[in-house]
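Undergrad: Below is data.tsv; it holds TSV, C-alpha atoms and all ligand atoms.
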chain	number	residue	atom	x	y	z
A	1	MET	CA	11.90	36.91	-12.07
A	2	THR	CA	11.28	33.17	-12.30
A	3	ALA	CA	7.81	31.73	-12.08
A	4	PRO	CA	6.77	30.38	-8.68
A	5	VAL	CA	7.05	26.69	-7.92
A	6	SER	CA	5.85	25.06	-4.73
A	7	PRO	CA	8.73	24.94	-2.22
A	8	LEU	CA	7.45	21.47	-1.29
A	9	LEU	CA	8.75	20.18	-4.62
A	10	SER	CA	12.37	21.03	-3.85
A	11	SER	CA	12.15	19.36	-0.46
A	12	LEU	CA	10.82	16.22	-2.18
A	13	ALA	CA	13.82	16.17	-4.51
A	14	ALA	CA	15.82	14.86	-1.56
A	15	TYR	CA	13.56	11.78	-1.46
A	16	PRO	CA	15.90	9.11	-0.04
A	17	PHE	CA	15.05	6.53	-2.70
A	18	VAL	CA	16.96	8.75	-5.13
A	19	ARG	CA	20.08	7.81	-3.12
A	20	LEU	CA	19.23	4.14	-3.53
A	21	GLU	CA	18.93	4.62	-7.30
A	22	GLU	CA	22.34	6.32	-7.39
A	23	ALA	CA	23.95	3.54	-5.35
A	24	LYS	CA	22.41	0.97	-7.71
A	25	ARG	CA	23.74	2.80	-10.77
A	26	GLU	CA	27.24	2.99	-9.29
A	27	ALA	CA	27.26	-0.70	-8.39
A	28	ALA	CA	25.98	-1.70	-11.83
A	29	ALA	CA	28.66	0.48	-13.47
A	30	ARG	CA	31.27	-1.45	-11.46
A	31	GLY	CA	29.90	-4.67	-12.96
A	32	VAL	CA	27.86	-5.87	-9.96
A	33	GLU	CA	24.87	-7.89	-11.20
A	34	LEU	CA	21.80	-6.66	-9.33
A	35	ILE	CA	18.76	-8.51	-8.01
A	36	ASP	CA	16.35	-5.77	-7.06
A	37	PHE	CA	14.25	-6.19	-3.88
A	38	GLY	CA	14.36	-2.42	-3.36
A	39	VAL	CA	11.20	-0.98	-4.88
A	40	GLY	CA	7.82	-2.56	-4.18
A	41	GLU	CA	6.44	-2.76	-7.70
A	42	PRO	CA	4.96	-6.18	-8.64
A	43	ARG	CA	6.35	-7.72	-11.80
A	44	GLU	CA	3.87	-10.60	-11.96
A	45	PRO	CA	1.96	-11.20	-15.22
A	46	THR	CA	-1.50	-9.58	-15.45
A	47	PRO	CA	-4.13	-12.38	-15.66
A	48	GLN	CA	-5.27	-13.26	-19.18
A	49	LEU	CA	-8.95	-12.79	-18.30
A	50	VAL	CA	-8.21	-9.18	-17.35
A	51	ARG	CA	-6.32	-8.48	-20.57
A	52	ASP	CA	-9.12	-10.08	-22.61
A	53	ALA	CA	-11.77	-8.02	-20.83
A	54	LEU	CA	-9.81	-4.83	-21.51
A	55	ALA	CA	-9.40	-5.64	-25.19
A	56	ALA	CA	-13.09	-6.53	-25.56
A	57	ALA	CA	-14.09	-3.21	-23.99
A	58	LEU	CA	-12.22	-0.99	-26.46
A	59	GLY	CA	-14.92	0.82	-28.43
A	60	ASP	CA	-15.03	3.02	-31.56
A	61	THR	CA	-15.63	6.10	-29.49
A	62	SER	CA	-14.35	7.17	-26.12
A	63	ARG	CA	-16.17	9.39	-23.66
A	64	TYR	CA	-15.18	10.99	-20.38
A	65	PRO	CA	-15.64	8.42	-17.61
A	66	LEU	CA	-18.00	9.55	-14.85
A	67	ALA	CA	-16.44	10.09	-11.42
A	68	GLN	CA	-18.87	7.71	-9.75
A	69	GLY	CA	-17.76	4.93	-12.12
A	70	LEU	CA	-19.85	2.30	-13.90
A	71	PRO	CA	-22.68	0.86	-11.80
A	72	GLU	CA	-21.50	-2.61	-12.89
A	73	LEU	CA	-18.05	-1.95	-11.42
A	74	ARG	CA	-19.45	-0.67	-8.13
A	75	LYS	CA	-21.59	-3.78	-7.94
A	76	ALA	CA	-18.60	-6.05	-8.73
A	77	ILE	CA	-16.68	-4.38	-5.88
A	78	ALA	CA	-19.64	-4.73	-3.48
A	79	ASP	CA	-20.00	-8.41	-4.44
A	80	TRP	CA	-16.29	-9.01	-3.88
A	81	ALA	CA	-16.40	-7.28	-0.47
A	82	GLY	CA	-19.43	-9.43	0.38
A	83	ARG	CA	-17.64	-12.66	-0.50
A	84	ARG	CA	-14.31	-11.65	1.03
A	85	PHE	CA	-15.39	-9.85	4.21
A	86	GLY	CA	-19.03	-10.89	4.64
A	87	VAL	CA	-20.24	-7.28	4.43
A	88	ALA	CA	-23.13	-5.72	2.51
A	89	LEU	CA	-21.94	-2.44	0.95
A	90	ASP	CA	-24.42	-0.30	-0.95
A	91	PRO	CA	-22.84	0.17	-4.42
A	92	GLU	CA	-24.75	3.43	-4.87
A	93	THR	CA	-23.73	5.25	-1.69
A	94	GLU	CA	-20.78	3.45	-0.13
A	95	ILE	CA	-18.33	2.82	-3.01
A	96	ILE	CA	-16.46	4.97	-5.54
A	97	PRO	CA	-13.91	3.63	-8.06
A	98	THR	CA	-10.49	5.31	-8.10
A	99	LEU	CA	-7.58	5.52	-10.54
A	100	GLY	CA	-5.47	3.08	-8.53
A	101	SER	CA	-5.36	4.02	-4.89
A	102	LYS	CA	-2.39	6.42	-4.90
A	103	GLU	CA	-4.23	9.41	-6.37
A	104	ALA	CA	-7.19	8.84	-4.04
A	105	ILE	CA	-4.90	8.61	-1.01
A	106	PHE	CA	-3.08	11.76	-2.13
A	107	GLY	CA	-6.29	13.64	-2.90
A	108	LEU	CA	-8.19	12.76	0.26
A	109	ALA	CA	-6.68	15.63	2.24
A	110	GLN	CA	-7.90	18.15	-0.34
A	111	ALA	CA	-11.42	16.86	-0.01
A	112	VAL	CA	-11.53	16.80	3.80
A	113	LEU	CA	-9.06	19.31	5.32
A	114	GLY	CA	-10.63	22.58	6.33
A	115	GLY	CA	-11.40	23.43	9.92
A	116	ARG	CA	-8.88	20.85	11.07
A	117	ARG	CA	-5.51	20.42	9.34
A	118	LEU	CA	-3.68	17.75	11.31
A	119	VAL	CA	-3.05	14.40	9.59
A	120	ALA	CA	-1.51	11.42	11.43
A	121	VAL	CA	0.65	9.14	9.25
A	122	PRO	CA	2.46	5.90	10.08
A	123	ASP	CA	6.25	5.93	10.48
A	124	PRO	CA	7.73	4.01	8.71
A	125	GLY	CA	5.17	4.21	5.94
A	126	TYR	CA	4.07	4.87	2.39
A	127	PRO	CA	5.04	8.51	1.74
A	128	VAL	CA	1.85	9.53	-0.08
A	129	TYR	CA	-0.24	10.06	3.09
A	130	GLU	CA	2.18	12.77	4.19
A	131	ARG	CA	2.62	14.35	0.78
A	132	GLY	CA	-1.11	14.52	0.18
A	133	ALA	CA	-1.54	16.29	3.51
A	134	LEU	CA	1.31	18.75	2.89
A	135	PHE	CA	0.20	19.71	-0.63
A	136	ALA	CA	-3.28	20.35	0.78
A	137	GLY	CA	-1.80	22.76	3.34
A	138	GLY	CA	-2.09	20.26	6.18
A	139	GLU	CA	0.15	19.60	9.11
A	140	VAL	CA	1.56	16.11	9.66
A	141	VAL	CA	2.23	14.12	12.80
A	142	ALA	CA	4.22	10.89	12.38
A	143	VAL	CA	3.03	7.99	14.54
A	144	PRO	CA	5.77	5.40	15.12
A	145	LEU	CA	5.10	1.73	14.38
A	146	LEU	CA	7.27	-0.15	16.87
A	147	GLU	CA	8.00	-3.85	16.97
A	148	ALA	CA	7.25	-3.92	20.71
A	149	ASN	CA	3.68	-2.93	19.81
A	150	GLY	CA	3.27	-5.41	16.95
A	151	PHE	CA	3.94	-2.53	14.52
A	152	LEU	CA	0.59	-0.98	15.48
A	153	PRO	CA	0.45	2.70	16.54
A	154	ASP	CA	0.32	3.13	20.31
A	155	LEU	CA	-3.12	4.73	20.65
A	156	ASP	CA	-2.59	5.42	24.35
A	157	ALA	CA	0.51	7.49	23.60
A	158	PHE	CA	-1.24	9.67	21.00
A	159	ASP	CA	-2.73	12.86	22.44
A	160	ALA	CA	-3.79	15.10	19.55
A	161	TRP	CA	-7.18	13.48	18.88
A	162	ASP	CA	-9.14	16.72	19.17
A	163	ARG	CA	-7.01	18.51	16.57
A	164	LEU	CA	-6.98	15.60	14.17
A	165	ALA	CA	-8.60	15.58	10.70
A	166	VAL	CA	-7.37	12.20	9.42
A	167	PHE	CA	-5.65	9.19	11.00
A	168	TRP	CA	-4.04	6.96	8.34
A	169	VAL	CA	-3.52	3.26	8.97
A	170	ASN	CA	-2.20	0.66	6.54
A	171	TYR	CA	-2.63	-3.05	7.26
A	172	PRO	CA	-1.39	-5.43	6.02
A	173	ASN	CA	1.45	-2.98	6.40
A	174	ASN	CA	4.05	-1.65	4.03
A	175	PRO	CA	6.87	-1.96	5.07
A	176	THR	CA	6.60	-4.00	8.29
A	177	ALA	CA	4.30	-6.72	6.82
A	178	ALA	CA	2.24	-6.63	10.05
A	179	VAL	CA	-1.52	-7.31	10.16
A	180	ALA	CA	-4.03	-5.48	12.42
A	181	PRO	CA	-6.83	-7.27	14.28
A	182	LEU	CA	-10.42	-6.09	13.85
A	183	ALA	CA	-10.42	-4.91	17.50
A	184	PHE	CA	-7.76	-2.34	16.56
A	185	TYR	CA	-9.98	-0.85	13.83
A	186	GLU	CA	-12.92	-0.95	16.23
A	187	ARG	CA	-11.10	1.10	18.85
A	188	LEU	CA	-9.83	3.64	16.30
A	189	ALA	CA	-13.27	4.01	14.71
A	190	GLN	CA	-14.78	4.71	18.13
A	191	LEU	CA	-12.10	7.34	18.75
A	192	ALA	CA	-12.81	8.80	15.29
A	193	ARG	CA	-16.50	9.26	16.10
A	194	ARG	CA	-15.87	10.56	19.63
A	195	HIS	CA	-13.29	13.13	18.51
A	196	GLY	CA	-14.63	13.93	15.04
A	197	PHE	CA	-11.83	12.79	12.74
A	198	LEU	CA	-11.67	10.43	9.77
A	199	LEU	CA	-10.15	6.96	10.04
A	200	ALA	CA	-8.56	6.25	6.64
A	201	SER	CA	-7.56	2.62	6.16
A	202	ASP	CA	-5.27	1.81	3.23
A	203	GLU	CA	-5.71	-1.91	2.56
A	204	ALA	CA	-3.68	-2.19	-0.67
A	205	TYR	CA	-2.15	-5.50	0.46
A	206	SER	CA	-5.27	-7.15	1.92
A	207	GLU	CA	-5.10	-10.07	-0.56
A	208	LEU	CA	-1.41	-10.89	-0.19
A	209	TRP	CA	-1.60	-13.07	2.93
A	210	PHE	CA	0.01	-16.37	3.85
A	211	GLU	CA	-1.80	-17.86	6.83
A	212	SER	CA	-5.32	-16.52	7.25
A	213	PRO	CA	-7.02	-13.68	5.36
A	214	PRO	CA	-6.59	-10.43	7.30
A	215	PRO	CA	-9.65	-8.40	8.39
A	216	SER	CA	-10.77	-5.11	6.89
A	217	ALA	CA	-12.12	-1.95	8.48
A	218	LEU	CA	-15.10	-2.59	6.18
A	219	GLN	CA	-16.12	-5.29	8.68
A	220	LEU	CA	-16.79	-2.73	11.41
A	221	PRO	CA	-20.41	-2.75	12.58
A	222	GLU	CA	-20.56	0.99	11.89
A	223	LEU	CA	-18.72	2.79	9.06
A	224	THR	CA	-19.41	6.37	10.19
A	225	ASN	CA	-16.13	8.36	9.93
A	226	VAL	CA	-14.39	5.41	8.24
A	227	LEU	CA	-13.01	5.17	4.69
A	228	VAL	CA	-11.21	2.16	3.22
A	229	PHE	CA	-8.96	2.25	0.14
A	230	ASN	CA	-8.14	-0.85	-1.87
A	231	THR	CA	-6.67	-1.56	-5.29
A	232	LEU	CA	-6.17	-4.17	-7.99
A	233	SER	CA	-2.46	-3.29	-8.28
A	234	LYS	CA	-1.20	-6.00	-5.93
A	235	ARG	CA	-4.21	-8.35	-5.81
A	236	SER	CA	-4.39	-8.74	-9.58
A	237	SER	CA	-0.92	-7.50	-10.65
A	238	MET	CA	-2.56	-4.54	-12.43
A	239	THR	CA	-0.33	-1.64	-11.37
A	240	GLY	CA	-0.32	-0.14	-14.87
A	241	TYR	CA	-4.10	-0.31	-15.29
A	242	ARG	CA	-4.70	2.06	-12.35
A	243	SER	CA	-7.81	0.75	-10.68
A	244	GLY	CA	-8.96	0.78	-7.08
A	245	PHE	CA	-11.80	2.01	-4.91
A	246	ALA	CA	-12.72	3.91	-1.80
A	247	ALA	CA	-15.57	2.59	0.34
A	248	GLY	CA	-17.18	3.39	3.65
A	249	ASP	CA	-19.17	6.20	5.30
A	250	PRO	CA	-21.82	7.38	2.76
A	251	GLN	CA	-21.27	11.00	3.79
A	252	LEU	CA	-17.58	10.76	2.96
A	253	ILE	CA	-18.26	8.91	-0.30
A	254	ALA	CA	-20.69	11.73	-1.18
A	255	ALA	CA	-17.88	14.23	-0.49
A	256	LEU	CA	-15.58	12.28	-2.85
A	257	ARG	CA	-18.33	12.15	-5.48
A	258	ALA	CA	-18.55	15.93	-5.24
A	259	PHE	CA	-14.79	16.50	-5.25
A	260	ARG	CA	-13.51	14.02	-7.80
A	261	PRO	CA	-15.23	15.22	-11.03
A	262	THR	CA	-13.10	18.38	-10.84
A	263	VAL	CA	-9.89	16.36	-10.66
A	264	GLY	CA	-10.95	13.99	-13.44
A	265	THR	CA	-9.49	10.86	-11.90
A	266	ALA	CA	-12.07	8.22	-12.85
A	267	PRO	CA	-10.51	5.15	-14.50
A	268	GLN	CA	-11.04	4.78	-18.26
A	269	GLU	CA	-14.16	2.78	-19.07
A	270	PHE	CA	-12.16	-0.10	-20.60
A	271	VAL	CA	-10.09	-0.28	-17.41
A	272	GLN	CA	-13.30	-0.37	-15.39
A	273	ARG	CA	-14.55	-3.27	-17.55
A	274	ALA	CA	-11.25	-5.13	-17.04
A	275	SER	CA	-11.57	-4.43	-13.30
A	276	ILE	CA	-15.02	-6.05	-13.20
A	277	ALA	CA	-13.39	-9.24	-14.54
A	278	ALA	CA	-10.59	-8.98	-11.97
A	279	TRP	CA	-12.81	-8.46	-8.89
A	280	GLY	CA	-14.97	-11.38	-10.05
A	281	ASP	CA	-12.17	-13.93	-10.11
A	282	GLU	CA	-10.27	-15.42	-7.17
A	283	ALA	CA	-8.36	-18.21	-8.95
A	284	HIS	CA	-5.68	-15.83	-10.23
A	285	VAL	CA	-5.34	-14.27	-6.77
A	286	GLU	CA	-4.66	-17.69	-5.27
A	287	GLN	CA	-1.98	-18.28	-7.89
A	288	THR	CA	-0.40	-14.91	-7.14
A	289	ARG	CA	-0.40	-15.65	-3.40
A	290	ALA	CA	1.20	-19.05	-4.09
A	291	ARG	CA	3.99	-17.37	-6.08
A	292	TYR	CA	4.70	-14.85	-3.32
A	293	ARG	CA	4.53	-17.61	-0.71
A	294	ARG	CA	7.19	-19.61	-2.57
A	295	LYS	CA	9.48	-16.59	-2.91
A	296	ARG	CA	8.95	-15.76	0.76
A	297	GLU	CA	10.02	-19.29	1.72
A	298	VAL	CA	13.12	-19.14	-0.49
A	299	VAL	CA	14.37	-15.71	0.61
A	300	GLY	CA	13.09	-15.92	4.20
A	301	GLY	CA	14.62	-19.37	4.63
A	302	ALA	CA	18.02	-18.12	3.47
A	303	LEU	CA	17.86	-15.11	5.79
A	304	GLU	CA	17.00	-17.29	8.77
A	305	ARG	CA	19.75	-19.79	7.99
A	306	ARG	CA	22.09	-16.79	7.86
A	307	GLY	CA	20.97	-15.92	11.42
A	308	LEU	CA	19.04	-12.81	10.38
A	309	ARG	CA	15.78	-12.07	12.17
A	310	ILE	CA	12.61	-11.53	10.15
A	311	ALA	CA	10.64	-9.06	12.25
A	312	GLY	CA	7.56	-9.05	10.07
A	313	SER	CA	6.20	-11.18	7.22
A	314	ALA	CA	2.60	-12.11	8.14
A	315	ALA	CA	1.27	-10.70	4.85
A	316	THR	CA	2.16	-8.37	1.92
A	317	MET	CA	5.02	-8.95	-0.50
A	318	TYR	CA	7.58	-7.63	1.97
A	319	LEU	CA	10.02	-9.10	4.45
A	320	TRP	CA	10.96	-6.66	7.23
A	321	VAL	CA	14.34	-7.82	8.40
A	322	ALA	CA	16.21	-6.67	11.51
A	323	VAL	CA	19.66	-5.24	10.78
A	324	PRO	CA	22.36	-7.33	12.47
A	325	GLY	CA	24.83	-6.04	15.07
A	326	SER	CA	25.47	-2.34	15.32
A	327	GLU	CA	25.02	-1.54	11.64
A	328	THR	CA	22.58	1.08	10.36
A	329	SER	CA	19.92	0.14	7.85
A	330	GLU	CA	21.78	2.17	5.21
A	331	SER	CA	25.19	0.54	5.84
A	332	PHE	CA	23.65	-2.96	5.88
A	333	ALA	CA	21.82	-2.24	2.62
A	334	ALA	CA	25.07	-0.91	1.13
A	335	ARG	CA	26.85	-4.12	2.15
A	336	LEU	CA	24.16	-6.29	0.52
A	337	LEU	CA	24.32	-4.09	-2.59
A	338	GLU	CA	28.01	-4.92	-3.00
A	339	HIS	CA	26.88	-8.55	-3.42
A	340	GLY	CA	24.16	-7.55	-5.88
A	341	VAL	CA	21.18	-7.78	-3.50
A	342	VAL	CA	19.25	-4.50	-3.51
A	343	VAL	CA	17.04	-3.80	-0.46
A	344	ALA	CA	15.43	-0.64	0.92
A	345	PRO	CA	17.00	0.72	4.12
A	346	GLY	CA	14.25	1.07	6.73
A	347	ALA	CA	15.35	4.61	7.54
A	348	TYR	CA	14.36	5.66	4.00
A	349	LEU	CA	10.77	4.77	4.88
A	350	GLY	CA	10.67	6.84	8.09
A	351	ALA	CA	12.78	7.52	11.18
A	352	ALA	CA	11.20	4.62	13.08
A	353	GLY	CA	12.26	2.29	10.25
A	354	GLU	CA	15.90	2.49	11.35
A	355	GLY	CA	17.18	-0.90	12.44
A	356	TYR	CA	15.44	-2.80	9.59
A	357	VAL	CA	15.67	-3.32	5.85
A	358	ARG	CA	12.78	-4.16	3.52
A	359	PHE	CA	12.90	-6.93	0.95
A	360	ALA	CA	10.14	-6.54	-1.67
A	361	LEU	CA	9.64	-10.03	-3.10
A	362	VAL	CA	9.20	-8.77	-6.65
A	363	PRO	CA	12.12	-10.44	-8.50
A	364	SER	CA	11.33	-13.75	-10.23
A	365	LEU	CA	11.53	-17.03	-8.31
A	366	GLU	CA	14.74	-17.86	-10.16
A	367	GLU	CA	16.25	-14.51	-9.09
A	368	CYS	CA	15.05	-15.13	-5.52
A	369	GLU	CA	16.85	-18.48	-5.57
A	370	ARG	CA	20.05	-16.81	-6.78
A	371	ALA	CA	19.68	-14.12	-4.11
A	372	ALA	CA	19.14	-16.80	-1.46
A	373	ALA	CA	22.43	-18.45	-2.42
A	374	ILE	CA	24.19	-15.07	-2.24
A	375	LEU	CA	22.63	-14.21	1.14
A	376	GLU	CA	23.84	-17.46	2.64
A	377	GLU	CA	27.39	-16.47	1.64
A	378	VAL	CA	27.35	-12.85	2.86
A	379	SER	CA	29.13	-12.47	6.18
B	401	LIG	C1	0.86	1.07	1.21
B	401	LIG	C2	0.48	1.36	-0.18
B	401	LIG	N1	-0.70	1.93	-0.42
B	401	LIG	C3	-1.10	2.25	-1.65
B	401	LIG	C4	-0.29	1.99	-2.73
B	401	LIG	C5	-0.79	2.46	-4.08
B	401	LIG	O1	-1.02	1.52	-4.99
B	401	LIG	P1	-1.85	1.82	-6.30
B	401	LIG	O2	-1.87	3.31	-6.53
B	401	LIG	O3	-1.12	1.11	-7.37
B	401	LIG	O4	-3.22	1.32	-6.05
B	401	LIG	C6	0.96	1.40	-2.55
B	401	LIG	C7	1.83	1.15	-3.70
B	401	LIG	O5	2.93	0.71	-3.63
B	401	LIG	C8	1.35	1.07	-1.23
B	401	LIG	O6	2.53	0.50	-0.96
How would this structure read if it were set down as C-alpha cells?
TA:
Amino acid sequence: MTAPVSPLLSSLAAYPFVRLEEAKREAAARGVELIDFGVGEPREPTPQLVRDALAAALGDTSRYPLAQGLPELRKAIADWAGRRFGVALDPETEIIPTLGSKEAIFGLAQAVLGGRRLVAVPDPGYPVYERGALFAGGEVVAVPLLEANGFLPDLDAFDAWDRLAVFWVNYPNNPTAAVAPLAFYERLAQLARRHGFLLASDEAYSELWFESPPPSALQLPELTNVLVFNTLSKRSSMTGYRSGFAAGDPQLIAALRAFRPTVGTAPQEFVQRASIAAWGDEAHVEQTRARYRRKREVVGGALERRGLRIAGSAATMYLWVAVPGSETSESFAARLLEHGVVVAPGAYLGAAGEGYVRFALVPSLEECERAAAILEEVS
C-alpha cells in the first residue's frame, strides 16, 4: 500500500498556470522570442539600503526568531502605517511580522476556522485564500468581482453571512487593478461585527498606485473583526526576502501570536533588520512607482491605440484588458503568445475572469517598448 497523500494535492496539479508554462515552452521551442507579462513576480532591483541593512545584520551566531518579531520592526511598521494612513497602531498588540504575506494568508484559516468553516474568496483572485481554506478543512464560496460593480463584490447579493468565518478582500486588486473606497471597508467591517466573521484585507499592492494613494482597512475607526495583510514584496521589490505583516484587531493578533510559534514562520532576524530599513524609506518606493507608471503608459498606450479596452489599471502592476470580439481569454492569450507576448488568461484566475487577460508589468522598460511595438502590429 502506498502512503497517504492529501487528495487536494492532485487536484492542485491541474493548476491552470501549468498550461501557460507548457504553451510558453512550446512557443520558445519553435523559436518565438518571449516577453513575459504572464506571472506577477516583480523583477525590479532591491534597494541598496535594504541590501546594506541585511548585510550589516548578519551576526556570528543565529538564533530562532521569535514569532512576535523584533520590537524595532513592529515599531517601524506602526510608524509607517502612521505616516501612510494616519493611524496609530499599537506595535505590541496590533501588529505581527510575517514571512512575506503568502504564508500568513494561507495559514489564517488554520488559526481561525473551527465552529464556522465557510470562507468567501474573490473570483477572479489570488489562489492562496482558497487553498488555505481547503487545506484547513474549510468550505469555499467564490464571490464574483464584476466590472459592472467596479470589481467590488456585490454585498447585497451575498447571503451566507451567518455561516461565514472569513471574508477575503484584496484591494488594490490582483488581477483587476481596481481600488476600493474606505466606505466599502466600513460596510464590510460592520457586517463582520454584526454577523461574527473576520474581514481579512490583503493589501499587498497598496503602494503601487498611480493617481492617489488608496485607502486601507487600517483606517477604519474600529478594527474589531478586521485583519490587514501587507508585504514588502511589491512595495520594496523584496519578494525573495519574505517579509510582511498582519495588523488589526488585538484579539486576532493575539490568536496569531499563539498559533504562529508552532509553525515557525517568523522572518530571519537579518531580514527583519533589512525590513526596518525598507519601511523607513519612501524614496525608493517613489522610484518604483515611477518605473511602473512608465511601463503602464508604454504598454497601456499601445493597447489603447490598438483599440483594446483597459478595464482596470487604477493601481497595482497589472493591466486588466478586455478580450476583443468573441474570443475567449485563453484563445486571445494564445494569439498574443504566437507574437511573443505572454499574458495570463483571465479564466485561469477564476471563472469570473473570463473575458479579460492580465498583463503583469514586470518585464523591463525596454522589453515593454518592444512589446508595445508588437501589440500595435497584432491584428
Ligand atoms: C494578491 C496577492 N496577495 C499576496 C501576495 C503574496 O505576496 P508575498 O507573499 O510575496 O508577500 C501576492 C503575490 O503575488 C498577491 O498577488
Undergrad: One decimal, in Å: what's the spacing between atom CA of Pro91 of chain A and atom CA of Glu103 of chain A?
TA: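 One can read the atom CA of Pro91 of chain A to atom CA of Glu103 of chain A distance as 20.9 Å.
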Undergrad: Which protein, DNA or RNA residues have an atom within 9 Å of ligand LIG 401 (chain B), counting all atoms listed in the file, as a PyMOL selection string?
TA: chain A and resi 39-42+98-105+125-129+170-175+202-205+229-234+238-245
Undergrad: Using only C-alpha atoms, which protein or nucleic acid residues come within 8 Å of segment 182-188 of chain A? Drop anything in the same chain fewer than 6 positions from it, and give the result as a list of chain:residue names.
TA: A:Leu199, A:Pro215, A:Ser216, A:Ala217, A:Gln219, A:Leu220
Undergrad: Return the single residue from A:Ala372, A:Leu337, A:Val343, A:Ala55 that is closest to Glu26 of chain A, with distances computed using all atoms listed in the file.
TA: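 Using all atoms listed in the file, Glu26 of chain A sits closest to A:Leu337.
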Undergrad: From the set A:Tyr318, A:Phe270, A:Trp279, A:Phe85, which residue has the shortest atom-to-atom contact distance to Leu58 of chain A, counting only C-alpha atoms?
TA: A:Phe270
Undergrad: Could you check the closest approach to Leu308 of chain A for each of A:Glu376, A:Asp154, A:Glu367, A:Glu130 and tell me which residue wins, using all atoms listed in the file?
TA: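 Checking each candidate against Leu308 of chain A, we get A:Glu376 as the closest.
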Undergrad: Tell me which of A:Glu330, A:Asp159, A:Glu44, A:Glu366 sits closest to Arg289 of chain A, counting only C-alpha atoms.
TA: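 For Arg289 of chain A, the nearest of the given residues is A:Glu44.
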Undergrad: Mind pulling up the distance from atom CA of Thr288 of chain A to atom CA of Leu20 of chain A?
TA: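 Taking atom CA of Leu20 of chain A and atom CA of Thr288 of chain A, their separation equals 27.6 Å.
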Undergrad: What does the distance from atom CA of Ala120 of chain A to atom CA of Ala142 of chain A come to in Å, to one decimal?
TA: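 Calculated distance between atom CA of Ala120 of chain A and atom CA of Ala142 of chain A is 5.8 Å.
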Undergrad: Pull the neighbourhood of (-10.8, 9.1, -21.9) for me: all residues within 12 Å in file coordinates, counting only C-alpha atoms, as a list in words.
TA: Leu58, Gly59, Thr61, Ser62, Arg63, Tyr64, Pro65, Leu66, Ala67, Gly264, Thr265, Ala266, Pro267, Gln268, Glu269, Phe270, Val271 and Gln272 of chain A
Undergrad: Those same residues - C-alpha atoms - I'd like them written as an mmCIF file, in the frame of the given file.
TA:
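Listed below is the output, selection_5.cif:
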data_model
loop_
_atom_site.group_PDB
_atom_site.id
_atom_site.type_symbol
_atom_site.label_atom_id
_atom_site.label_comp_id
_atom_site.auth_asym_id
_atom_site.auth_seq_id
_atom_site.Cartn_x
_atom_site.Cartn_y
_atom_site.Cartn_z
ATOM 1 C CA LEU A 58 -12.220 -0.990 -26.460
ATOM 2 C CA GLY A 59 -14.920 0.820 -28.430
ATOM 3 C CA THR A 61 -15.630 6.100 -29.490
ATOM 4 C CA SER A 62 -14.350 7.170 -26.120
ATOM 5 C CA ARG A 63 -16.170 9.390 -23.660
ATOM 6 C CA TYR A 64 -15.180 10.990 -20.380
ATOM 7 C CA PRO A 65 -15.640 8.420 -17.610
ATOM 8 C CA LEU A 66 -18.000 9.550 -14.850
ATOM 9 C CA ALA A 67 -16.440 10.090 -11.420
ATOM 10 C CA GLY A 264 -10.950 13.990 -13.440
ATOM 11 C CA THR A 265 -9.490 10.860 -11.900
ATOM 12 C CA ALA A 266 -12.070 8.220 -12.850
ATOM 13 C CA PRO A 267 -10.510 5.150 -14.500
ATOM 14 C CA GLN A 268 -11.040 4.780 -18.260
ATOM 15 C CA GLU A 269 -14.160 2.780 -19.070
ATOM 16 C CA PHE A 270 -12.160 -0.100 -20.600
ATOM 17 C CA VAL A 271 -10.090 -0.280 -17.410
ATOM 18 C CA GLN A 272 -13.300 -0.370 -15.390
#
Undergrad: For Ile96 of chain A, which of A:Pro153, A:Pro363, A:Gly280, A:Pro71 is the closest residue, counting all atoms listed in the file?
TA: A:Pro71
Undergrad: For the point (24.7, -17.3, -2.6) in file coordinates, what residues are within 12 Å, counting all atoms listed in the file? Give the answer as a list in words?
TA: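 Final list of nearby residues, as requested, is Ile35, Val298, Val299, Ala302, Leu303, Arg305, Arg306, Leu336, His339, Gly340, Val341, Glu367, Cys368, Glu369, Arg370, Ala371, Ala372, Ala373, Ile374, Leu375, Glu376, Glu377, Val378 and Ser379 of chain A.
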Undergrad: Quick one: residues within 7 Å of Ala178 of chain A, all atoms listed in the file counted, chain neighbours fewer than 2 positions away excluded, as a list in words?
TA: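 Residues near the query, excluding close chain neighbours: Phe151, Tyr171, Pro172, Asn173, Thr176, Ala180, Gly312, Ser313, Ala314 and Ala315 of chain A.
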Undergrad: My list of candidates is A:Glu33, A:Val285, A:Ala247, A:Asp60. Which is closest to Ile95 of chain A when distances are computed with all atoms listed in the file?
TA: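 Checking each of A:Glu33, A:Val285, A:Ala247, A:Asp60 against Ile95 of chain A, counting all atoms listed in the file, the winner is A:Ala247.
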Undergrad: Could you give me segment 6-10 of chain A completed to N, CA, C and O atoms, formatted as an mmCIF file, in the frame of the given file?
TA:
data_model
loop_
_atom_site.group_PDB
_atom_site.id
_atom_site.type_symbol
_atom_site.label_atom_id
_atom_site.label_comp_id
_atom_site.auth_asym_id
_atom_site.auth_seq_id
_atom_site.Cartn_x
_atom_site.Cartn_y
_atom_site.Cartn_z
ATOM 1 N N SER A 6 6.059 25.398 -6.134
ATOM 2 C CA SER A 6 5.850 25.060 -4.730
ATOM 3 C C SER A 6 7.164 24.669 -4.063
ATOM 4 O O SER A 6 7.888 23.807 -4.573
ATOM 5 N N PRO A 7 7.483 25.306 -2.928
ATOM 6 C CA PRO A 7 8.730 24.940 -2.220
ATOM 7 C C PRO A 7 8.716 23.474 -1.769
ATOM 8 O O PRO A 7 9.764 22.887 -1.538
ATOM 9 N N LEU A 8 7.518 22.888 -1.689
ATOM 10 C CA LEU A 8 7.450 21.470 -1.290
ATOM 11 C C LEU A 8 8.168 20.590 -2.306
ATOM 12 O O LEU A 8 8.746 19.565 -1.962
ATOM 13 N N LEU A 9 8.147 21.023 -3.589
ATOM 14 C CA LEU A 9 8.750 20.180 -4.620
ATOM 15 C C LEU A 9 10.256 20.056 -4.427
ATOM 16 O O LEU A 9 10.822 18.986 -4.621
ATOM 17 N N SER A 10 10.926 21.146 -4.024
ATOM 18 C CA SER A 10 12.370 21.030 -3.850
ATOM 19 C C SER A 10 12.709 20.188 -2.620
ATOM 20 O O SER A 10 13.709 19.477 -2.598
#
